[in-house]
Amino acid sequence: MSKKVLIVDDSMYMRKLIREALEKEGHEIVGEAENGEIAIDLALSLTPELITLDNILPDMIGLDILKVIKEEGLTCRIIMISAVGQQSVINEGLSLGASDYIIKPFTSEKLLEVVNKVI
Amino acid sequence: MNVAFDRINLNDTIMSSKEEEYKEMFLSEALQNYEQLNELFTTLEKDHDDSESIDSIFRITHTLKGNAMGMGYEGIASLSHVMEDVFSEVKEGNIKLNKSLFDNMFKANDKLGALIDALTTEEKVSYKGILTKLNVILRKAREKNQPSGNSTDVNDNKEQVPEENIPVVEQETTPEAELNEVKQTTEGVEEQPEIIETSTENTDEVIEVEEEIEEEEIEEDDTQRKVAFSDIVQIPIRKLDALMNQVEQLIIERDRLIAVSGRSSSDFTSLQRITSDLQYSVMDVRLVQIGFLFNKFHRVVRDVASIESKQVNLVLKGTEVEIDRNILKIMSDSLVHLVRNSVSHGIEDAQTRIQRGKPEEGVITLNARNEKDNVIVEITDDGNGIDTEIIRKKIVEKGMLTKELAKYLSSDEVLLYIFEPGFSNAEKITEVSGRGVGMDVVKKATESIGGQISVETEVGKGSTIILKLPSSMAVKGALLFLLGKQEFAFALSYTEAVISLYKYEIKIINSGLMAKYLDKTISVIFLHDLLAMKNLDDIHNEGAFHTTYHEIDDNKKLDVIVISYGNRLIGIVVDKLLQQKEIVEKTIAKPLDNVKILTGTTILGNGNVCLVVDAVAIAEILFKSSQKSKVMEVM
């Protein structure tokens with residue numbers, strides 16, 4: 001089923017990669033954010049159903065965003081995207097309400113597998 | 001100046017009108033806080049060591065936070081809270097001032113302004129992004145300062161949005177601030193403070209004054225008891241509008257009674273004096289210092305200069321000059337546009353300036369001064385100047401005039417075209433200009449309040465835009481005259497002189513009429529001819545302006561009012577001059593509101609309705625018609 005997705009990643013390359021993979025599956029990308037500030041504003045104004053959330057952003061970390069989103073009572077699914085060796089961050093994210101996580105680098109198959117699992 | 005109303009207990013028992021009044025007070029003070037912050041950030045960005053500004057920012061955000069919490073405005077409260085906290089860390093030296101911090105603070109303040117506006121417009125403002133960003137900056141600063149702290153905990157910085165109206169002093173603040181907090185909690189419980197309270201009977205109500213920071217430094221023991229009264233009263237502008245309206249009606253009624261009494265007006269000398277004094281006192285109350293608006297331009301200049309990578313210094317002069325608050329409000333967008341224009345199109349980039357032998361940093365000067373009943377505002381830049389030959393080309397390119405015709409315009413006439421709709425001298429649409437407000441809109445706004453706009457320029461040296469604004473809007477001086485049996489008036493602000501001419505002194509030139517005035521040739525028009533037209537297009541009819549001229553005797557002496565508009569003088573022939581008088585002009589009601597050459601009406605003492613003629617419209621009609629006759633000359 002098609003979902004409204006917000007992509008949060010500071011790398012344009014990553015955003016493009018995620019966008020193309022998800023669009024192929026019929027999802028609608030409602031927004032892209034390159035930093036946390038934009039991510040929060042877009043998440044609250046666009047109310048996406050799914051957010052792919054990179055953990056390291058120029059102005060904050062994904063956990064900061066996750067926390068605000070939960071505080072605001074958004075019910076969207078959140079997939080954390082994290083580099084290897086950050087298990088503690090992932091654990092904290094999951095405890096804060098993230099649905100799942102992906103470790104970078106990843107293939108589009110892996111991404112779709114996790115997306116399909118959480119939606 | 002800051003009349004801080006203490007914690008307000010918004011419960012159901014307070015009537016909603018009270019609530020409205022609190023809201024109004026909050027809004028006016030919050031907007032003031034927002035402006036002050038803009039100014040302080042700009043000052044501080046120029047001089048990072050300005051500890052006074054840092055203290056002020058801390059104090060203002062603290063006040064704003066407290067007030068917003070009291071009103072239950074969570075967005076404003078949380079954002080000003082985090083700004084306060086950031087500056088608390090700045091004070092401690094834990095956060096360094098740098099460009100990125102200022103960008104964030106300006107952005108946060110913009111959101112603060114938007115949130116304050118949104119209280120009225122009810123628009124949605126997204127502020128959580130910047131809020132979180134500032135919280136992260138704060139967290140990092142605190143982590144750095146407490147290396148033993150647990151560094152991955154994101155929870156500790158978020159309890160800053162209190163859910164109740166009871167302030168929580170949860171981190172180190174200054175002693176004054178803490179006192180304030182304590183005071184607010186203790187006093188807020190039972191008080192329902194009157195906001196505007198000049199009567200001394202209500203000493204049990206609390207009006208707290210924060211005149212200067214020093215005044216807050218009260219002995220600790222005193223703070224619980226001390227009741228301070230401000231010498232300043234804040235009044236919502238609508239109350240002043242209502243008061244003004246009542247005074248205007250009183251004056252009309254006074255004139256009517258004098259007229260119907262059949263007694264000499266000297267019997268009413270003291271009534272006239274008292275009512276006049278009253279009128280001027282009310283007008284005076286509405287005056288604000290123009291510096292109130294000028295100070296906002298530091299931020300405007302900073303933003304435009306930063307986008308365009310220019311170095312610009314803003315110099316303010318005559319900030320103490322007073323002007324009606326409504327006039328200032330009407331003109332504020334226009335002034336913003338003019339200042340942006342000066343930075344964007346006036347000031348050159350540093351390299352060009354050096355090549356031209358100018359200092360790297362451009363200077364924009366805002367100058368205000370009183371001239372008779374007017375306030376003159378000049379916006380001067382030491383930049384490019386306006387090349388009239390380029391404008392002349394544009395006039396032709398835009399199809400506003402033919403090439404032949406454009407040649408005949410003097411430099412001054414050419415410059416007037418920058419105020420025409422659809423004329424923009426900007427070569428490209430930049431982020432700064434090209435925002436819809438054009439010079440034509442500035443001109444319209446200026447003229448809507450009876451002001452005038454002009455420009456002086458020298459290529460390579462810079463330009464000055466000169467605004468001549470009335471200092472008060474409600475009452476204007478007018479010259480009354482008769483046309484047939486109807487009384488008319490011209491606003492004195494456009495009247496240059498009143499002269500007598502014999503008909504033989506007026507000559508027919510092409511489709512118009514001309515006469516000599518002070519060695520200059522001026523256009524002359526019989527107002528009767530213009531008002532007799534069924535349609536303004538009739539001005540192009542052969543001899544349309546000659547009708548009355550041909551009907552009268554050569555030796556007839558004529559009353560002529562000389563009006564000046566945009567460097568041009570025009571003689572307007574009327575039937576009989578009456579007197580100079582102060583009138584209260586009302587806008588024209590339907591269906592006359594689209595009559596082009598009238599601006600409004602006023603009621604005279606004899607009960608007659610007097611029509612106020614629009615000098616600007618007449619000047620423009622004549623200008624168009626004379627251009628047409630020039631075409632004929634050329635052909």
# chains A, B, ... in the order shown; residues from 1 in each chain; ligands from 1
>>> interface_residues(of="chain A", to="chain B", cutoff="9 Å", atoms="only C-alpha atoms", output="PDB file with N, CA and C atoms, in the first residue's frame")
ATOM      1  N   GLY A  36      17.999  18.713  10.772  1.00  0.00           N
ATOM      2  CA  GLY A  36      16.979  18.401  11.763  1.00  0.00           C
ATOM      3  C   GLY A  36      15.894  19.456  11.860  1.00  0.00           C
ATOM      4  N   GLU A  37      16.313  20.710  11.734  1.00  0.00           N
ATOM      5  CA  GLU A  37      15.356  21.794  11.854  1.00  0.00           C
ATOM      6  C   GLU A  37      14.253  21.643  10.805  1.00  0.00           C
ATOM      7  N   ILE A  38      14.672  21.451   9.554  1.00  0.00           N
ATOM      8  CA  ILE A  38      13.692  21.287   8.473  1.00  0.00           C
ATOM      9  C   ILE A  38      12.890  20.007   8.695  1.00  0.00           C
ATOM     10  N   ALA A  39      13.593  18.966   9.136  1.00  0.00           N
ATOM     11  CA  ALA A  39      12.922  17.680   9.334  1.00  0.00           C
ATOM     12  C   ALA A  39      11.743  17.809  10.294  1.00  0.00           C
ATOM     13  N   ILE A  40      11.971  18.499  11.413  1.00  0.00           N
ATOM     14  CA  ILE A  40      10.898  18.631  12.406  1.00  0.00           C
ATOM     15  C   ILE A  40       9.742  19.453  11.837  1.00  0.00           C
ATOM     16  N   ASP A  41      10.105  20.575  11.191  1.00  0.00           N
ATOM     17  CA  ASP A  41       9.037  21.419  10.638  1.00  0.00           C
ATOM     18  C   ASP A  41       8.230  20.664   9.577  1.00  0.00           C
ATOM     19  N   LEU A  42       8.929  19.901   8.737  1.00  0.00           N
ATOM     20  CA  LEU A  42       8.204  19.155   7.694  1.00  0.00           C
ATOM     21  C   LEU A  42       7.385  18.014   8.298  1.00  0.00           C
ATOM     22  N   LEU A  44       5.986  17.886  11.119  1.00  0.00           N
ATOM     23  CA  LEU A  44       4.784  18.390  11.781  1.00  0.00           C
ATOM     24  C   LEU A  44       3.782  18.986  10.797  1.00  0.00           C
ATOM     25  N   SER A  45       4.296  19.522   9.680  1.00  0.00           N
ATOM     26  CA  SER A  45       3.343  20.149   8.761  1.00  0.00           C
ATOM     27  C   SER A  45       2.827  19.169   7.710  1.00  0.00           C
ATOM     28  N   ASP A  59      22.808  19.655  12.347  1.00  0.00           N
ATOM     29  CA  ASP A  59      22.429  20.465  13.498  1.00  0.00           C
ATOM     30  C   ASP A  59      21.956  19.671  14.706  1.00  0.00           C
ATOM     31  N   MET A  60      21.661  18.410  14.523  1.00  0.00           N
ATOM     32  CA  MET A  60      21.232  17.605  15.677  1.00  0.00           C
ATOM     33  C   MET A  60      21.332  16.132  15.306  1.00  0.00           C
ATOM     34  N   ILE A  61      20.980  15.272  16.251  1.00  0.00           N
ATOM     35  CA  ILE A  61      20.983  13.845  15.910  1.00  0.00           C
ATOM     36  C   ILE A  61      19.535  13.371  15.763  1.00  0.00           C
ATOM     37  N   LEU A  63      17.913  11.202  17.182  1.00  0.00           N
ATOM     38  CA  LEU A  63      17.178  10.978  18.426  1.00  0.00           C
ATOM     39  C   LEU A  63      16.450  12.240  18.881  1.00  0.00           C
ATOM     40  N   ASP A  64      17.056  13.427  18.608  1.00  0.00           N
ATOM     41  CA  ASP A  64      16.396  14.687  18.977  1.00  0.00           C
ATOM     42  C   ASP A  64      15.070  14.825  18.231  1.00  0.00           C
ATOM     43  N   ILE A  65      15.128  14.456  16.954  1.00  0.00           N
ATOM     44  CA  ILE A  65      13.932  14.584  16.114  1.00  0.00           C
ATOM     45  C   ILE A  65      12.869  13.580  16.564  1.00  0.00           C
ATOM     46  N   LYS A  67      12.397  12.336  19.374  1.00  0.00           N
ATOM     47  CA  LYS A  67      11.791  12.732  20.631  1.00  0.00           C
ATOM     48  C   LYS A  67      10.683  13.774  20.418  1.00  0.00           C
ATOM     49  N   VAL A  68      10.977  14.778  19.588  1.00  0.00           N
ATOM     50  CA  VAL A  68       9.980  15.823  19.326  1.00  0.00           C
ATOM     51  C   VAL A  68       8.754  15.217  18.648  1.00  0.00           C
ATOM     52  N   VAL A  89      22.813   3.884  20.288  1.00  0.00           N
ATOM     53  CA  VAL A  89      21.906   4.885  19.733  1.00  0.00           C
ATOM     54  C   VAL A  89      20.650   4.191  19.206  1.00  0.00           C
TER      55      VAL A  89
END
>>> select_by_dssp(residues="stretch 51-99 of chain A", states="helix (DSSP H, G or I)", output="list in words")
Gly62, Leu63, Asp64, Ile65, Leu66, Lys67, Val68, Ile69, Lys70, Glu71, Gln87, Ser88, Val89, Ile90, Asn91, Glu92, Gly93, Leu94 and Ser95 of chain A
>>> write_last_selection(atoms="C-alpha atoms", output="PDB file, in the first residue's frame")
ATOM      1  CA  GLY A  62      18.071  11.711  14.805  1.00  0.00           C
ATOM      2  CA  LEU A  63      17.178  10.978  18.426  1.00  0.00           C
ATOM      3  CA  ASP A  64      16.396  14.687  18.977  1.00  0.00           C
ATOM      4  CA  ILE A  65      13.932  14.584  16.114  1.00  0.00           C
ATOM      5  CA  LEU A  66      12.469  11.290  17.224  1.00  0.00           C
ATOM      6  CA  LYS A  67      11.791  12.732  20.631  1.00  0.00           C
ATOM      7  CA  VAL A  68       9.980  15.823  19.326  1.00  0.00           C
ATOM      8  CA  ILE A  69       7.909  13.722  16.940  1.00  0.00           C
ATOM      9  CA  LYS A  70       6.797  11.486  19.769  1.00  0.00           C
ATOM     10  CA  GLU A  71       6.124  14.469  22.037  1.00  0.00           C
ATOM     11  CA  GLN A  87      24.029   0.011  18.763  1.00  0.00           C
ATOM     12  CA  SER A  88      23.436   2.133  21.852  1.00  0.00           C
ATOM     13  CA  VAL A  89      21.906   4.885  19.733  1.00  0.00           C
ATOM     14  CA  ILE A  90      19.720   2.352  17.943  1.00  0.00           C
ATOM     15  CA  ASN A  91      18.547   0.885  21.211  1.00  0.00           C
ATOM     16  CA  GLU A  92      17.682   4.298  22.508  1.00  0.00           C
ATOM     17  CA  GLY A  93      15.871   5.103  19.281  1.00  0.00           C
ATOM     18  CA  LEU A  94      13.813   1.944  19.480  1.00  0.00           C
ATOM     19  CA  SER A  95      12.945   2.710  23.091  1.00  0.00           C
TER      20      SER A  95
END
>>> residues_around(residues="B:Val90", least_positions_apart="6", cutoff="10 Å", atoms="only C-alpha atoms", output="MDAnalysis selection string")
chainID B and resid 51 54:55 58 84 96:97 138 141
>>> write_last_selection(atoms="C-alpha atoms", output="PDB file, in the first residue's frame")
ATOM      1  CA  SER B  51      27.940  42.717  27.558  1.00  0.00           C
ATOM      2  CA  ILE B  54      23.865  40.283  26.218  1.00  0.00           C
ATOM      3  CA  ASP B  55      22.290  41.218  29.549  1.00  0.00           C
ATOM      4  CA  PHE B  58      18.706  37.736  28.560  1.00  0.00           C
ATOM      5  CA  GLU B  84      16.975  32.927  27.321  1.00  0.00           C
ATOM      6  CA  LYS B  96      30.595  31.458  21.786  1.00  0.00           C
ATOM      7  CA  LEU B  97      29.060  34.181  19.657  1.00  0.00           C
ATOM      8  CA  LEU B 138      22.317  24.274  24.537  1.00  0.00           C
ATOM      9  CA  ALA B 141      27.308  23.586  25.524  1.00  0.00           C
TER      10      ALA B 141
END
>>> atom_distance(atom1="atom CA of B:Glu39", atom2="atom CA of B:Pro236")
23.5 Å
>>> closest_residue(among="B:Lys534, B:Lys310, B:His528, B:Arg254", to="B:Ala350", atoms="only C-alpha atoms")
B:Lys310
>>> atom_distance(atom1="atom CA of B:Arg256", atom2="atom CA of B:Thr269")
14.7 Å
>>> residues_around(residues="A:Val5", least_positions_apart="4", cutoff="10 Å", atoms="only C-alpha atoms", output="ChimeraX atom specification")
/A:19,22-23,27-32,43,46-52,76-78
>>> atom_distance(atom1="atom CA of B:Glu308", atom2="atom CA of B:Phe102")
17.4 Å
>>> residues_around(residues="B:Asp387", least_positions_apart="6", cutoff="9 Å", atoms="only C-alpha atoms", output="list in words")
Thr457, Glu458, Val459 and Gly460 of chain B
>>> decode(residues="stretch 256-269 of chain B", atoms="N, CA and C atoms", output="PDB file, in the first residue's frame")
ATOM      1  N   ARG B 256     -20.875  74.074  13.723  1.00  0.00           N
ATOM      2  CA  ARG B 256     -22.267  74.148  13.326  1.00  0.00           C
ATOM      3  C   ARG B 256     -23.036  75.083  14.271  1.00  0.00           C
ATOM      4  N   LEU B 257     -22.813  74.915  15.577  1.00  0.00           N
ATOM      5  CA  LEU B 257     -23.517  75.738  16.559  1.00  0.00           C
ATOM      6  C   LEU B 257     -23.168  77.207  16.390  1.00  0.00           C
ATOM      7  N   ILE B 258     -21.883  77.482  16.144  1.00  0.00           N
ATOM      8  CA  ILE B 258     -21.478  78.879  15.955  1.00  0.00           C
ATOM      9  C   ILE B 258     -22.202  79.452  14.743  1.00  0.00           C
ATOM     10  N   ALA B 259     -22.289  78.654  13.692  1.00  0.00           N
ATOM     11  CA  ALA B 259     -22.917  79.134  12.464  1.00  0.00           C
ATOM     12  C   ALA B 259     -24.412  79.384  12.648  1.00  0.00           C
ATOM     13  N   VAL B 260     -25.102  78.498  13.365  1.00  0.00           N
ATOM     14  CA  VAL B 260     -26.554  78.674  13.480  1.00  0.00           C
ATOM     15  C   VAL B 260     -26.938  79.675  14.579  1.00  0.00           C
ATOM     16  N   SER B 261     -26.001  79.989  15.480  1.00  0.00           N
ATOM     17  CA  SER B 261     -26.350  80.857  16.603  1.00  0.00           C
ATOM     18  C   SER B 261     -26.624  82.285  16.139  1.00  0.00           C
ATOM     19  N   GLY B 262     -26.048  82.644  14.996  1.00  0.00           N
ATOM     20  CA  GLY B 262     -26.244  83.989  14.495  1.00  0.00           C
ATOM     21  C   GLY B 262     -25.462  85.036  15.270  1.00  0.00           C
ATOM     22  N   ARG B 263     -24.609  84.581  16.200  1.00  0.00           N
ATOM     23  CA  ARG B 263     -23.821  85.536  16.961  1.00  0.00           C
ATOM     24  C   ARG B 263     -22.407  85.604  16.403  1.00  0.00           C
ATOM     25  N   SER B 264     -21.729  86.671  16.757  1.00  0.00           N
ATOM     26  CA  SER B 264     -20.364  86.847  16.276  1.00  0.00           C
ATOM     27  C   SER B 264     -19.492  85.713  16.816  1.00  0.00           C
ATOM     28  N   SER B 265     -18.555  85.272  15.998  1.00  0.00           N
ATOM     29  CA  SER B 265     -17.750  84.129  16.441  1.00  0.00           C
ATOM     30  C   SER B 265     -16.825  84.522  17.591  1.00  0.00           C
ATOM     31  N   SER B 266     -16.671  85.820  17.821  1.00  0.00           N
ATOM     32  CA  SER B 266     -15.827  86.237  18.947  1.00  0.00           C
ATOM     33  C   SER B 266     -16.470  85.868  20.289  1.00  0.00           C
ATOM     34  N   ASP B 267     -17.796  85.677  20.269  1.00  0.00           N
ATOM     35  CA  ASP B 267     -18.468  85.220  21.485  1.00  0.00           C
ATOM     36  C   ASP B 267     -18.006  83.821  21.880  1.00  0.00           C
ATOM     37  N   PHE B 268     -17.422  83.133  20.931  1.00  0.00           N
ATOM     38  CA  PHE B 268     -17.072  81.731  21.171  1.00  0.00           C
ATOM     39  C   PHE B 268     -15.571  81.509  21.297  1.00  0.00           C
ATOM     40  N   THR B 269     -14.849  82.609  21.478  1.00  0.00           N
ATOM     41  CA  THR B 269     -13.390  82.513  21.473  1.00  0.00           C
ATOM     42  C   THR B 269     -12.870  81.430  22.416  1.00  0.00           C
TER      43      THR B 269
END
